[in-house]
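Heads up, query-v5.tsv below (TSV, N, CA and C atoms):
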chain	number	residue	atom	x	y	z
E	20	MET	N	-37.74	-22.73	27.53
E	20	MET	CA	-38.08	-23.23	26.22
E	20	MET	C	-36.81	-23.83	25.59
E	21	PRO	N	-36.87	-25.03	25.06
E	21	PRO	CA	-35.70	-25.66	24.44
E	21	PRO	C	-35.23	-24.86	23.22
E	22	LEU	N	-33.96	-25.00	22.88
E	22	LEU	CA	-33.36	-24.25	21.78
E	22	LEU	C	-34.04	-24.55	20.45
E	23	SER	N	-34.46	-25.76	20.24
E	23	SER	CA	-35.08	-26.14	18.96
E	23	SER	C	-36.46	-25.51	18.79
E	24	GLN	N	-37.06	-25.01	19.86
E	24	GLN	CA	-38.39	-24.43	19.77
E	24	GLN	C	-38.37	-22.92	19.95
E	25	SER	N	-37.22	-22.27	19.74
E	25	SER	CA	-37.16	-20.83	19.92
E	25	SER	C	-37.97	-20.14	18.84
E	26	SER	N	-38.55	-19.01	19.21
E	26	SER	CA	-39.43	-18.30	18.28
E	26	SER	C	-38.59	-17.56	17.23
E	27	PRO	N	-39.14	-17.32	16.04
E	27	PRO	CA	-38.42	-16.61	14.98
E	27	PRO	C	-38.01	-15.20	15.41
E	28	SER	N	-38.80	-14.55	16.25
E	28	SER	CA	-38.47	-13.19	16.65
E	28	SER	C	-37.23	-13.15	17.55
E	29	SER	N	-36.89	-14.22	18.25
E	29	SER	CA	-35.70	-14.23	19.09
E	29	SER	C	-34.45	-14.54	18.27
E	30	LEU	N	-34.62	-15.06	17.07
E	30	LEU	CA	-33.47	-15.36	16.21
E	30	LEU	C	-32.93	-14.11	15.53
E	31	VAL	N	-33.77	-13.11	15.32
E	31	VAL	CA	-33.35	-11.90	14.62
E	31	VAL	C	-32.21	-11.18	15.35
E	32	PRO	N	-32.32	-10.92	16.65
E	32	PRO	CA	-31.19	-10.27	17.33
E	32	PRO	C	-29.91	-11.12	17.27
E	33	ASN	N	-30.06	-12.44	17.38
E	33	ASN	CA	-28.89	-13.31	17.31
E	33	ASN	C	-28.23	-13.23	15.93
E	34	MET	N	-29.02	-13.18	14.89
E	34	MET	CA	-28.48	-13.08	13.52
E	34	MET	C	-27.80	-11.73	13.31
E	35	LEU	N	-28.37	-10.67	13.86
E	35	LEU	CA	-27.76	-9.35	13.73
E	35	LEU	C	-26.39	-9.31	14.41
E	36	VAL	N	-26.30	-9.91	15.58
E	36	VAL	CA	-25.03	-9.97	16.30
E	36	VAL	C	-24.01	-10.78	15.49
E	37	LEU	N	-24.45	-11.88	14.92
E	37	LEU	CA	-23.56	-12.72	14.12
E	37	LEU	C	-23.07	-11.96	12.88
E	38	VAL	N	-23.96	-11.31	12.17
E	38	VAL	CA	-23.58	-10.55	10.98
E	38	VAL	C	-22.63	-9.40	11.35
E	39	ALA	N	-22.92	-8.69	12.42
E	39	ALA	CA	-22.05	-7.60	12.87
E	39	ALA	C	-20.66	-8.13	13.24
E	40	GLY	N	-20.62	-9.27	13.90
E	40	GLY	CA	-19.35	-9.88	14.27
E	40	GLY	C	-18.53	-10.29	13.06
E	41	VAL	N	-19.18	-10.86	12.07
E	41	VAL	CA	-18.48	-11.27	10.84
E	41	VAL	C	-17.95	-10.03	10.11
E	42	LEU	N	-18.77	-8.98	10.01
E	42	LEU	CA	-18.32	-7.75	9.35
E	42	LEU	C	-17.14	-7.12	10.08
E	43	LEU	N	-17.18	-7.10	11.39
E	43	LEU	CA	-16.08	-6.57	12.18
E	43	LEU	C	-14.81	-7.39	11.94
E	44	LEU	N	-14.92	-8.68	11.89
E	44	LEU	CA	-13.77	-9.56	11.65
E	44	LEU	C	-13.18	-9.29	10.26
E	45	VAL	N	-14.02	-9.11	9.25
E	45	VAL	CA	-13.55	-8.83	7.89
E	45	VAL	C	-12.79	-7.50	7.86
E	46	VAL	N	-13.32	-6.48	8.52
E	46	VAL	CA	-12.65	-5.17	8.55
E	46	VAL	C	-11.30	-5.27	9.25
E	47	ILE	N	-11.25	-5.96	10.37
E	47	ILE	CA	-9.99	-6.12	11.11
E	47	ILE	C	-8.96	-6.87	10.27
E	48	LEU	N	-9.37	-7.95	9.61
E	48	LEU	CA	-8.45	-8.71	8.77
E	48	LEU	C	-7.92	-7.86	7.62
E	49	ARG	N	-8.78	-7.03	7.01
E	49	ARG	CA	-8.35	-6.17	5.91
E	49	ARG	C	-7.34	-5.12	6.38
E	50	LEU	N	-7.57	-4.55	7.55
E	50	LEU	CA	-6.63	-3.56	8.10
E	50	LEU	C	-5.27	-4.19	8.40
E	51	VAL	N	-5.29	-5.39	8.95
E	51	VAL	CA	-4.03	-6.09	9.24
E	51	VAL	C	-3.31	-6.43	7.93
E	52	ALA	N	-4.06	-6.92	6.93
E	52	ALA	CA	-3.45	-7.25	5.64
E	52	ALA	C	-2.85	-6.00	5.00
E	53	GLY	N	-3.54	-4.87	5.10
E	53	GLY	CA	-3.03	-3.62	4.54
E	53	GLY	C	-1.74	-3.19	5.21
E	54	ALA	N	-1.68	-3.30	6.53
E	54	ALA	CA	-0.46	-2.93	7.25
E	54	ALA	C	0.71	-3.84	6.85
E	55	LEU	N	0.44	-5.13	6.72
E	55	LEU	CA	1.49	-6.06	6.30
E	55	LEU	C	1.93	-5.77	4.86
E	56	ASP	N	0.98	-5.43	3.99
E	56	ASP	CA	1.30	-5.07	2.61
E	56	ASP	C	2.22	-3.86	2.56
E	57	HIS	N	1.88	-2.82	3.32
E	57	HIS	CA	2.69	-1.61	3.35
E	57	HIS	C	4.12	-1.93	3.77
E	58	GLU	N	4.25	-2.74	4.82
E	58	GLU	CA	5.57	-3.12	5.31
E	58	GLU	C	6.34	-3.91	4.25
E	59	ARG	N	5.68	-4.84	3.58
E	59	ARG	CA	6.32	-5.63	2.53
E	59	ARG	C	6.81	-4.74	1.38
E	60	ILE	N	5.99	-3.77	0.97
E	60	ILE	CA	6.35	-2.85	-0.11
E	60	ILE	C	7.53	-1.97	0.32
E	61	ARG	N	7.48	-1.43	1.54
E	61	ARG	CA	8.58	-0.58	2.03
E	61	ARG	C	9.90	-1.37	2.09
E	62	LYS	N	9.84	-2.61	2.54
E	62	LYS	CA	11.05	-3.43	2.61
E	62	LYS	C	11.62	-3.69	1.22
E	63	GLU	N	10.76	-3.98	0.25
E	63	GLU	CA	11.23	-4.26	-1.11
E	63	GLU	C	11.87	-3.03	-1.73
E	64	ILE	N	11.26	-1.87	-1.57
E	64	ILE	CA	11.83	-0.64	-2.12
E	64	ILE	C	13.12	-0.30	-1.37
E	65	GLY	N	13.15	-0.49	-0.07
E	65	GLY	CA	14.37	-0.27	0.71
E	65	GLY	C	15.49	-1.21	0.29
E	66	ARG	N	15.15	-2.45	-0.01
E	66	ARG	CA	16.14	-3.43	-0.47
E	66	ARG	C	16.77	-2.97	-1.78
E	67	ARG	N	16.00	-2.26	-2.60
E	67	ARG	CA	16.50	-1.74	-3.87
E	67	ARG	C	17.24	-0.41	-3.69
E	68	GLY	N	17.29	0.09	-2.47
E	68	GLY	CA	17.98	1.35	-2.20
E	68	GLY	C	17.08	2.57	-2.30
E	69	GLY	N	15.78	2.36	-2.40
E	69	GLY	CA	14.85	3.48	-2.53
E	69	GLY	C	14.17	3.84	-1.23
E	70	ARG	N	13.28	4.84	-1.32
E	70	ARG	CA	12.54	5.31	-0.15
E	70	ARG	C	11.11	5.62	-0.57
E	71	VAL	N	10.15	5.05	0.13
E	71	VAL	CA	8.73	5.25	-0.17
E	71	VAL	C	8.30	6.65	0.27
E	72	THR	N	7.55	7.33	-0.60
E	72	THR	CA	6.98	8.62	-0.22
E	72	THR	C	5.47	8.52	-0.01
E	73	ALA	N	4.80	7.57	-0.68
E	73	ALA	CA	3.36	7.41	-0.48
E	73	ALA	C	2.92	6.04	-0.98
E	74	ILE	N	1.99	5.44	-0.26
E	74	ILE	CA	1.36	4.19	-0.67
E	74	ILE	C	-0.14	4.38	-0.52
E	75	ARG	N	-0.88	4.08	-1.60
E	75	ARG	CA	-2.34	4.26	-1.57
E	75	ARG	C	-2.99	3.01	-2.15
E	76	TRP	N	-3.89	2.40	-1.39
E	76	TRP	CA	-4.62	1.24	-1.87
E	76	TRP	C	-5.44	1.65	-3.08
E	77	SER	N	-5.36	0.87	-4.13
E	77	SER	CA	-6.05	1.18	-5.37
E	77	SER	C	-6.71	-0.09	-5.90
E	78	PRO	N	-7.89	-0.42	-5.38
E	78	PRO	CA	-8.51	-1.70	-5.75
E	78	PRO	C	-8.79	-1.82	-7.24
E	79	PHE	N	-8.89	-0.71	-7.96
E	79	PHE	CA	-9.14	-0.76	-9.40
E	79	PHE	C	-7.93	-0.25	-10.18
E	80	GLY	N	-6.73	-0.43	-9.61
E	80	GLY	CA	-5.50	-0.03	-10.27
E	80	GLY	C	-5.18	-0.95	-11.43
E	81	LYS	N	-4.09	-0.66	-12.11
E	81	LYS	CA	-3.71	-1.44	-13.29
E	81	LYS	C	-3.58	-2.91	-12.93
E	82	GLY	N	-4.24	-3.74	-13.69
E	82	GLY	CA	-4.19	-5.18	-13.51
E	82	GLY	C	-5.25	-5.74	-12.58
E	83	TRP	N	-6.18	-4.92	-12.10
E	83	TRP	CA	-7.17	-5.39	-11.14
E	83	TRP	C	-8.12	-6.42	-11.74
E	84	LEU	N	-8.39	-6.31	-13.03
E	84	LEU	CA	-9.36	-7.20	-13.65
E	84	LEU	C	-8.88	-8.65	-13.65
E	85	ALA	N	-7.59	-8.84	-13.80
E	85	ALA	CA	-7.04	-10.19	-13.88
E	85	ALA	C	-6.59	-10.71	-12.51
E	86	GLU	N	-6.74	-9.91	-11.48
E	86	GLU	CA	-6.23	-10.30	-10.16
E	86	GLU	C	-7.38	-10.61	-9.21
E	87	SER	N	-7.29	-11.77	-8.58
E	87	SER	CA	-8.36	-12.12	-7.64
E	87	SER	C	-7.87	-12.22	-6.19
E	88	VAL	N	-6.57	-12.37	-6.00
E	88	VAL	CA	-6.06	-12.59	-4.65
E	88	VAL	C	-5.23	-11.42	-4.15
E	89	ALA	N	-4.31	-10.93	-4.97
E	89	ALA	CA	-3.41	-9.87	-4.53
E	89	ALA	C	-4.13	-8.53	-4.44
E	90	ARG	N	-3.62	-7.68	-3.55
E	90	ARG	CA	-4.14	-6.32	-3.44
E	90	ARG	C	-3.23	-5.40	-4.24
E	91	ILE	N	-3.80	-4.33	-4.78
E	91	ILE	CA	-3.06	-3.43	-5.66
E	91	ILE	C	-2.93	-2.07	-5.00
E	92	TYR	N	-1.71	-1.51	-5.08
E	92	TYR	CA	-1.42	-0.21	-4.49
E	92	TYR	C	-0.75	0.69	-5.53
E	93	GLU	N	-1.03	1.98	-5.44
E	93	GLU	CA	-0.28	2.97	-6.20
E	93	GLU	C	0.81	3.47	-5.26
E	94	VAL	N	2.07	3.31	-5.68
E	94	VAL	CA	3.20	3.62	-4.82
E	94	VAL	C	4.05	4.71	-5.46
E	95	HIS	N	4.34	5.74	-4.69
E	95	HIS	CA	5.26	6.79	-5.10
E	95	HIS	C	6.51	6.62	-4.25
E	96	TYR	N	7.67	6.62	-4.92
E	96	TYR	CA	8.92	6.43	-4.18
E	96	TYR	C	10.08	7.07	-4.92
E	97	ALA	N	11.18	7.22	-4.22
E	97	ALA	CA	12.43	7.69	-4.82
E	97	ALA	C	13.35	6.48	-4.92
E	98	ASP	N	13.89	6.24	-6.12
E	98	ASP	CA	14.78	5.10	-6.29
E	98	ASP	C	16.17	5.41	-5.72
E	99	ALA	N	17.10	4.49	-5.88
E	99	ALA	CA	18.43	4.64	-5.29
E	99	ALA	C	19.15	5.89	-5.79
E	100	SER	N	18.84	6.33	-7.01
E	100	SER	CA	19.50	7.52	-7.55
E	100	SER	C	18.76	8.81	-7.18
E	101	GLY	N	17.63	8.68	-6.49
E	101	GLY	CA	16.85	9.85	-6.10
E	101	GLY	C	15.74	10.20	-7.07
E	102	GLN	N	15.61	9.44	-8.15
E	102	GLN	CA	14.58	9.67	-9.16
E	102	GLN	C	13.20	9.37	-8.56
E	103	ALA	N	12.28	10.32	-8.65
E	103	ALA	CA	10.92	10.10	-8.18
E	103	ALA	C	10.22	9.15	-9.15
E	104	ARG	N	9.56	8.14	-8.63
E	104	ARG	CA	8.91	7.13	-9.47
E	104	ARG	C	7.51	6.84	-8.96
E	105	ARG	N	6.68	6.32	-9.87
E	105	ARG	CA	5.34	5.86	-9.51
E	105	ARG	C	5.15	4.47	-10.10
E	106	ALA	N	4.60	3.58	-9.31
E	106	ALA	CA	4.39	2.21	-9.77
E	106	ALA	C	3.07	1.69	-9.23
E	107	TRP	N	2.49	0.77	-9.97
E	107	TRP	CA	1.36	-0.01	-9.49
E	107	TRP	C	1.97	-1.29	-8.95
E	108	VAL	N	1.69	-1.60	-7.69
E	108	VAL	CA	2.31	-2.74	-7.02
E	108	VAL	C	1.23	-3.71	-6.58
E	109	LYS	N	1.44	-4.98	-6.95
E	109	LYS	CA	0.53	-6.04	-6.50
E	109	LYS	C	1.25	-6.81	-5.41
E	110	THR	N	0.53	-7.14	-4.36
E	110	THR	CA	1.15	-7.91	-3.29
E	110	THR	C	0.11	-8.73	-2.54
E	111	SER	N	0.57	-9.82	-1.98
E	111	SER	CA	-0.21	-10.63	-1.05
E	111	SER	C	0.79	-11.41	-0.22
E	112	MET	N	0.33	-12.05	0.81
E	112	MET	CA	1.24	-12.76	1.71
E	112	MET	C	2.02	-13.85	0.99
E	113	LEU	N	1.39	-14.53	0.04
E	113	LEU	CA	2.03	-15.65	-0.62
E	113	LEU	C	2.72	-15.26	-1.93
E	114	ALA	N	2.29	-14.17	-2.56
E	114	ALA	CA	2.82	-13.82	-3.88
E	114	ALA	C	4.02	-12.90	-3.83
E	115	GLY	N	4.32	-12.30	-2.70
E	115	GLY	CA	5.42	-11.36	-2.63
E	115	GLY	C	5.00	-10.00	-3.18
E	116	VAL	N	5.96	-9.27	-3.78
E	116	VAL	CA	5.71	-7.92	-4.28
E	116	VAL	C	6.04	-7.90	-5.76
E	117	TYR	N	5.07	-7.45	-6.58
E	117	TYR	CA	5.25	-7.38	-8.02
E	117	TYR	C	5.00	-5.95	-8.49
E	118	PHE	N	6.02	-5.34	-9.15
E	118	PHE	CA	5.90	-3.99	-9.66
E	118	PHE	C	5.39	-4.03	-11.09
E	119	ALA	N	4.33	-3.28	-11.34
E	119	ALA	CA	3.77	-3.17	-12.69
E	119	ALA	C	3.75	-1.69	-13.07
E	120	ASP	N	4.06	-1.40	-14.29
E	120	ASP	CA	4.02	-0.03	-14.81
E	120	ASP	C	4.81	0.93	-13.92
E	121	ASP	N	6.05	0.57	-13.67
E	121	ASP	CA	6.95	1.38	-12.84
E	121	ASP	C	7.62	2.41	-13.74
E	122	GLN	N	7.29	3.69	-13.54
E	122	GLN	CA	7.80	4.75	-14.42
E	122	GLN	C	8.27	5.95	-13.61
E	123	PRO	N	9.21	6.72	-14.20
E	123	PRO	CA	9.60	7.97	-13.54
E	123	PRO	C	8.42	8.93	-13.49
E	124	GLU	N	8.33	9.66	-12.40
E	124	GLU	CA	7.27	10.67	-12.28
E	124	GLU	C	7.72	11.94	-12.97
E	125	THR	N	6.80	12.57	-13.64
E	125	THR	CA	7.07	13.86	-14.25
E	125	THR	C	5.94	14.79	-13.89
E	126	VAL	N	6.22	16.06	-13.92
E	126	VAL	CA	5.18	17.06	-13.68
E	126	VAL	C	4.48	17.29	-15.00
E	127	ALA	N	3.17	17.08	-15.03
E	127	ALA	CA	2.41	17.20	-16.27
E	127	ALA	C	2.57	18.58	-16.88
E	128	GLY	N	2.94	18.62	-18.15
E	128	GLY	CA	3.05	19.88	-18.87
E	128	GLY	C	4.29	20.69	-18.52
E	129	ALA	N	5.16	20.15	-17.69
E	129	ALA	CA	6.34	20.90	-17.29
E	129	ALA	C	7.46	20.68	-18.30
E	130	SER	N	8.34	21.63	-18.33
E	130	SER	CA	9.50	21.53	-19.22
E	130	SER	C	10.46	20.47	-18.68
E	131	PRO	N	11.33	19.94	-19.53
E	131	PRO	CA	12.31	18.97	-19.03
E	131	PRO	C	13.17	19.54	-17.90
E	132	ALA	N	13.49	20.85	-17.97
E	132	ALA	CA	14.28	21.46	-16.90
E	132	ALA	C	13.52	21.41	-15.57
E	133	ARG	N	12.21	21.64	-15.61
E	133	ARG	CA	11.40	21.60	-14.39
E	133	ARG	C	11.38	20.18	-13.83
E	134	ASN	N	11.26	19.19	-14.69
E	134	ASN	CA	11.28	17.80	-14.22
E	134	ASN	C	12.65	17.45	-13.64
E	135	ASP	N	13.74	17.97	-14.25
E	135	ASP	CA	15.08	17.75	-13.70
E	135	ASP	C	15.18	18.38	-12.31
E	136	LEU	N	14.60	19.56	-12.16
E	136	LEU	CA	14.61	20.24	-10.87
E	136	LEU	C	13.84	19.43	-9.83
E	137	ALA	N	12.69	18.89	-10.22
E	137	ALA	CA	11.90	18.08	-9.29
E	137	ALA	C	12.67	16.84	-8.88
E	138	ARG	N	13.38	16.23	-9.82
E	138	ARG	CA	14.20	15.05	-9.49
E	138	ARG	C	15.32	15.43	-8.53
E	139	GLU	N	15.95	16.60	-8.76
E	139	GLU	CA	17.04	17.04	-7.90
E	139	GLU	C	16.54	17.32	-6.49
E	140	VAL	N	15.38	17.94	-6.38
E	140	VAL	CA	14.79	18.20	-5.07
E	140	VAL	C	14.54	16.88	-4.34
E	141	GLU	N	13.98	15.91	-5.04
E	141	GLU	CA	13.71	14.61	-4.42
E	141	GLU	C	15.02	13.93	-4.01
E	142	ARG	N	16.04	14.04	-4.85
E	142	ARG	CA	17.34	13.45	-4.53
E	142	ARG	C	17.92	14.09	-3.27
E	143	LEU	N	17.82	15.42	-3.19
E	143	LEU	CA	18.35	16.13	-2.02
E	143	LEU	C	17.56	15.79	-0.76
E	144	ARG	N	16.26	15.61	-0.89
E	144	ARG	CA	15.46	15.21	0.27
E	144	ARG	C	15.90	13.83	0.77
E	145	ALA	N	16.12	12.90	-0.17
E	145	ALA	CA	16.56	11.57	0.22
E	145	ALA	C	17.94	11.62	0.87
E	146	GLU	N	18.83	12.43	0.31
E	146	GLU	CA	20.17	12.58	0.88
E	146	GLU	C	20.09	13.20	2.27
E	147	ASN	N	19.25	14.20	2.43
E	147	ASN	CA	19.06	14.84	3.72
E	147	ASN	C	18.54	13.85	4.76
E	148	ALA	N	17.57	13.03	4.36
E	148	ALA	CA	17.02	12.03	5.28
E	148	ALA	C	18.09	11.01	5.68
E	149	ALA	N	18.92	10.61	4.70
E	149	ALA	CA	19.99	9.65	4.99
E	149	ALA	C	21.00	10.26	5.96
E	150	LEU	N	21.35	11.52	5.75
E	150	LEU	CA	22.30	12.18	6.64
E	150	LEU	C	21.74	12.35	8.05
E	151	ARG	N	20.46	12.68	8.15
E	151	ARG	CA	19.82	12.79	9.47
E	151	ARG	C	19.88	11.46	10.20
E	152	GLU	N	19.60	10.39	9.48
E	152	GLU	CA	19.62	9.07	10.08
E	152	GLU	C	21.03	8.69	10.52
E	153	LYS	N	22.02	9.05	9.69
E	153	LYS	CA	23.41	8.76	10.02
E	153	LYS	C	23.84	9.51	11.28
E	154	VAL	N	23.45	10.78	11.39
E	154	VAL	CA	23.78	11.58	12.57
E	154	VAL	C	23.08	11.03	13.80
E	155	ARG	N	21.80	10.63	13.63
E	155	ARG	CA	21.03	10.11	14.75
E	155	ARG	C	21.63	8.80	15.26
E	156	ASP	N	22.11	7.95	14.33
E	156	ASP	CA	22.68	6.66	14.72
E	156	ASP	C	24.07	6.78	15.30
E	157	GLY	N	24.66	7.96	15.14
E	157	GLY	CA	25.94	8.21	15.79
E	157	GLY	C	27.04	8.08	14.83
Rewrite the structure from the file as structure tokens, please.
Amino acid sequence: MPLSQSSPSSLVPNMLVLVAGVLLLVVILRLVAGALDHERIRKEIGRRGGRVTAIRWSPFGKGWLAESVARIYEVHYADASGQARRAWVKTSMLAGVYFADDQPETVAGASPARNDLAREVERLRAENAALREKVRDG
């Protein structure tokens, strides 16, 4: 039977395969974009002398309403001085990395001394990691 005269029932499996293929491609592209975003964010924080502790995709994070292209992440990191920080970061391949609402992290309801202690612990962890890397590199 010629292609132009195929029955409607034979088109359904072909359409399902096409839709499944497109969905699979979208998922793969999103995973690759996410991995590239994470690397871009880690490099930017490293360039500033900091160290990333966590990156979490946050599609409805601060600024999502006005953003149509960049992806938004909630990023926890230690800055060059060891201060624990949290920022909303927008990034895409063409836009680079943009930090929004970058603030020091504090323990909710904790005394200033407790927050100082948390900062000191984070600073010591960063120093420990740097020393381990220095010893490993020789």
Quiz item: In Å, with one decimal, what is the gap from atom C of Val140 (chain E) to atom N of His57 (chain E)?
Solution: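 These two atoms are separated by 24.6 Å.
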Exercise. For atom N of Ala119 (chain E) and atom N of Arg138 (chain E), quote the distance in Å rounded to one decimal.
Key: 21.6 Å
Quiz prompt | Distance query region 141-149 of chain E at most 7 Å, only N, CA and C atoms, self and fewer than 2 positions along chain excluded, as JSON, numbers by chain | solution = {"E": [97, 100, 101, 102, 103, 136, 137, 138, 139, 151, 152, 153, 154]}
Practice problem: For CA of Leu30 (chain E) and CA of Leu42 (chain E), determine how far apart the two atoms are, in Å to one decimal place. | Solution: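 Answer for the CA of Leu30 (chain E) to CA of Leu42 (chain E) separation: 18.3 Å.
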Please write out, as lines of an AutoDock Vina configuration file, where the centre of an axis-aligned box around all listed atoms of region 116-119 of chain E lies and how long its edges are, in Å to one decimal, after adding 8 Å on each side.
center_x = 4.9
center_y = -5.5
center_z = -8.4
size_x = 18.3
size_y = 23.6
size_z = 25.3
Self-check item: Residues of region 36-100 of chain E in alpha helix (DSSP H), written as a ChimeraX atom specification
Solution: /E:36-66
Quiz item: Taking only C-alpha atoms into account, which of E:Ile64, E:Arg75, E:Lys109, E:Arg59 comes nearest Tyr96 (chain E)?
Solution: E:Ile64
Practice problem: Would you list, as a PyMOL selection string, the residues of region 30-80 of chain E that end up in strand (DSSP E) under DSSP run on this structure's backbone? | Solution: chain E and resi 70-76
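Of the residues under consideration (E:Met112, E:Leu43, E:Val31, E:Gly65), E:Met112 shows the shortest atom-to-atom contact distance to Val88 (chain E) when counting all atoms listed in the file.
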Practice problem: Have a look at E:Ala52, E:Val94, E:Leu150, E:Val45 and name the one nearest to Val71 (chain E); count all atoms listed in the file. | Solution: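 Once distances to Val71 (chain E) are computed over all atoms listed in the file, the minimum belongs to E:Val94.
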Quiz item: Of the candidates E:Asp120, E:Glu58, E:Asp98, E:Glu63, which one gets nearest to Lys81 (chain E) if we count only N, CA and C atoms?
Solution: E:Asp120
Quiz item: Between E:Ala114, E:Ala99, E:Val46, E:Ile91, which one has atoms that come closest to Gly68 (chain E), using only C-alpha atoms?
Solution: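 Nearest candidate to Gly68 (chain E) out of E:Ala114, E:Ala99, E:Val46, E:Ile91: E:Ala99.
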